[in-house]
Amino acid sequence: MALAISLGRRNLGQTSPNPSVGCVLVKNDVIVGRGYTAPGGRPHAETQALKQAGSVANGSTAYITLEPCSHEGKTPPCAQALVEAGVKRAVIATIDPDKRVNGKGISILEAAGIEVKVGVLAEQASLDHAGFFSSQSDCRPWITLKLATSIDGKIATSKGDSKWITGSSARHFVHNMRRKHDAIMVGSGTVISDDPSLNVRDLGTCIQPYRIVVSSNLEIPVKSNLTKTIYEQPVWIFHSNEASDERKSKWLDLGAQLFECQVDNFGISMKDIMQKISDKGITRLLCEGGGKLAASLMRSELVDEIVTFHGGLAIGADGLSSIGDLGIYSLGEAKRWRLNQTLSFGAEVLNIWRPTSKYIQN
């Protein structure tokens, strides 16, 4: 199962709206087939593993990170494919919460006389499938907030200079993070000050993430790195009804997709944005700033994971904070996060923070 999980992780961020599943077939203590969900979501992991194994799949045990699908779609159901291949046992990490499946795949296997065991390495697999689970249960993607800061928690100087707080090794890691997410989100301030490209570089061929900008009034430059490649890597802009028809027409003419959103007490509604993003099939979202956007997400209790990079420099009190005003006046009001992992890149340190997972499937 650990191997199946590692296989599934290879295409995280490349398979939306489908989950990235891993499958390993074992017969007489020998691996006879391996597979993982292909870019774009098809073929599925089980299909690829069965194809690799061929007739040897008969009598094997299948280790799968998610319950095999049971519904007819663009491809036949994987549960039936396992039955027809003669698999005798299935070890499944997690149940598929999709209402079209949710136990039906297991029922197909058991009805055919296949022994089924569920729950092996469920926590690890559930974390990898958290975006898919979140889209099913909460109608929103799994959200990772990335913060690259100085030692004293600043993302830029008072004049907006932020390149580069972290070094090349940390930035390479960020590109790998981008590859594992379906979309990247930034606020209008980041677009104005940094003119980011928001693409994946130096990691070979991959499906580039969607680029999402939150700009209430659409007052962001139309001549930018985002528009240079807009037809190769889509740009979605979420705005309020404050945006003028003139600004909307300019962005539409350039090829951007615009989404008008509701407004709440914190400004443009993050919950409405996430609902719309989920409806478009995005299951894993990486938020890269800035401070106002980060605060809006945290105030709305939408952040599932925080990844912090600390560069080996200090900027001082007049620098720009990584997270804007959260309206917290006592420590008791602050949400506590659990340190999950720490890595170092020379003089820089990466920390991954998560709350207690709510996506574990039993």
# chains A, B, ... in the order shown; residues from 1 in each chain; ligands from 1
>>> residues_around(residues="Leu343 (chain A)", least_positions_apart="3", cutoff="10 Å", atoms="only C-alpha atoms", output="ChimeraX atom specification")
/A:170,309,346,348-352
>>> residues_around(residues="Asp325 (chain A)", least_positions_apart="5", cutoff="10 Å", atoms="only C-alpha atoms", output="list in words")
Gly291, Lys292, Ala294, Ala295, Ser296, Met298 and Arg299 of chain A
>>> write_last_selection(atoms="N, CA, C and O atoms", output="PDB file, in the first residue's frame")
ATOM      1  N   GLY A 291      -0.664  39.337   1.738  1.00  0.00           N
ATOM      2  CA  GLY A 291      -1.104  39.326   3.113  1.00  0.00           C
ATOM      3  C   GLY A 291      -2.596  39.494   3.292  1.00  0.00           C
ATOM      4  O   GLY A 291      -3.217  38.859   4.158  1.00  0.00           O
ATOM      5  N   LYS A 292      -3.211  40.359   2.486  1.00  0.00           N
ATOM      6  CA  LYS A 292      -4.653  40.592   2.605  1.00  0.00           C
ATOM      7  C   LYS A 292      -5.441  39.354   2.205  1.00  0.00           C
ATOM      8  O   LYS A 292      -6.416  38.972   2.884  1.00  0.00           O
ATOM      9  N   ALA A 294      -4.315  36.234   2.243  1.00  0.00           N
ATOM     10  CA  ALA A 294      -4.068  35.207   3.255  1.00  0.00           C
ATOM     11  C   ALA A 294      -4.973  35.409   4.464  1.00  0.00           C
ATOM     12  O   ALA A 294      -5.556  34.459   4.998  1.00  0.00           O
ATOM     13  N   ALA A 295      -5.110  36.658   4.896  1.00  0.00           N
ATOM     14  CA  ALA A 295      -5.964  36.956   6.049  1.00  0.00           C
ATOM     15  C   ALA A 295      -7.426  36.645   5.745  1.00  0.00           C
ATOM     16  O   ALA A 295      -8.152  36.114   6.607  1.00  0.00           O
ATOM     17  N   SER A 296      -7.874  36.955   4.537  1.00  0.00           N
ATOM     18  CA  SER A 296      -9.264  36.678   4.166  1.00  0.00           C
ATOM     19  C   SER A 296      -9.553  35.186   4.205  1.00  0.00           C
ATOM     20  O   SER A 296     -10.613  34.752   4.677  1.00  0.00           O
ATOM     21  N   MET A 298      -7.938  32.930   6.014  1.00  0.00           N
ATOM     22  CA  MET A 298      -7.875  32.455   7.389  1.00  0.00           C
ATOM     23  C   MET A 298      -9.079  32.925   8.197  1.00  0.00           C
ATOM     24  O   MET A 298      -9.616  32.171   9.015  1.00  0.00           O
ATOM     25  N   ARG A 299      -9.526  34.144   7.971  1.00  0.00           N
ATOM     26  CA  ARG A 299     -10.735  34.625   8.650  1.00  0.00           C
ATOM     27  C   ARG A 299     -11.947  33.776   8.269  1.00  0.00           C
ATOM     28  O   ARG A 299     -12.847  33.558   9.084  1.00  0.00           O
TER      29      ARG A 299
END
>>> select_by_dssp(residues="region 267-342 of chain A", states="alpha helix (DSSP H)", output="mmCIF file with C-alpha atoms, in the first residue's frame")
data_model
loop_
_atom_site.group_PDB
_atom_site.id
_atom_site.type_symbol
_atom_site.label_atom_id
_atom_site.label_comp_id
_atom_site.auth_asym_id
_atom_site.auth_seq_id
_atom_site.Cartn_x
_atom_site.Cartn_y
_atom_site.Cartn_z
ATOM 1 C CA MET A 270 -13.821 33.669 -0.138
ATOM 2 C CA LYS A 271 -16.504 31.019 0.376
ATOM 3 C CA ASP A 272 -18.278 32.072 -2.796
ATOM 4 C CA ILE A 273 -14.977 32.008 -4.671
ATOM 5 C CA MET A 274 -14.205 28.494 -3.422
ATOM 6 C CA GLN A 275 -17.652 27.256 -4.409
ATOM 7 C CA LYS A 276 -17.153 28.577 -7.941
ATOM 8 C CA ILE A 277 -13.631 27.132 -8.136
ATOM 9 C CA SER A 278 -14.894 23.730 -6.996
ATOM 10 C CA ASP A 279 -17.680 23.844 -9.585
ATOM 11 C CA GLY A 291 -1.104 39.326 3.113
ATOM 12 C CA LYS A 292 -4.653 40.592 2.605
ATOM 13 C CA LEU A 293 -5.710 37.490 0.675
ATOM 14 C CA ALA A 294 -4.068 35.207 3.255
ATOM 15 C CA ALA A 295 -5.964 36.956 6.049
ATOM 16 C CA SER A 296 -9.264 36.678 4.166
ATOM 17 C CA LEU A 297 -8.800 32.936 3.743
ATOM 18 C CA MET A 298 -7.875 32.455 7.389
ATOM 19 C CA ARG A 299 -10.735 34.625 8.650
#
>>> residues_around(residues="Leu7 (chain A)", least_positions_apart="4", cutoff="10 Å", atoms="only C-alpha atoms", output="MDAnalysis selection string")
chainID A and resid 1:3 11:12 20:24 34:37 45 65
>>> atom_distance(atom1="CA of Lys117 (chain A)", atom2="CA of Ala90 (chain A)")
6.4 Å
>>> closest_residue(among="A:Met177, A:Ala122, A:Leu258, A:Val83", to="Ile64 (chain A)", atoms="only C-alpha atoms")
A:Ala122
>>> closest_atom_pairs(of="region 27-106 of chain A", to="region 203-222 of chain A", cutoff="12 Å", atoms="only C-alpha atoms", output="JSON lines")
{"residue": "A:Ala38", "atom": "CA", "partner": "A:Ile207", "partner_atom": "CA", "distance": 11.2}
{"residue": "A:Pro39", "atom": "CA", "partner": "A:Ile207", "partner_atom": "CA", "distance": 7.5}
{"residue": "A:Gly40", "atom": "CA", "partner": "A:Ile207", "partner_atom": "CA", "distance": 8.2}
{"residue": "A:Gly41", "atom": "CA", "partner": "A:Ile207", "partner_atom": "CA", "distance": 11.4}
>>> select_by_dssp(residues="region 12-248 of chain A", states="strand (DSSP E)", output="PyMOL selection string")
chain A and resi 22-27+30-36+61-64+89-92+115-118+142-149+154-156+183-187+210-214+235-239
>>> residues_around(residues="Thr227 (chain A)", least_positions_apart="4", cutoff="12 Å", atoms="only C-alpha atoms", output="VMD selection string")
chain A and resid 191 195 to 198 211 220 to 223 231 to 237 250 to 257
>>> residues_around(residues="Glu260 (chain A)", least_positions_apart="2", cutoff="7 Å", atoms="only C-alpha atoms", output="list in words")
Phe238, His239, Ser240, Asn241 and Leu258 of chain A
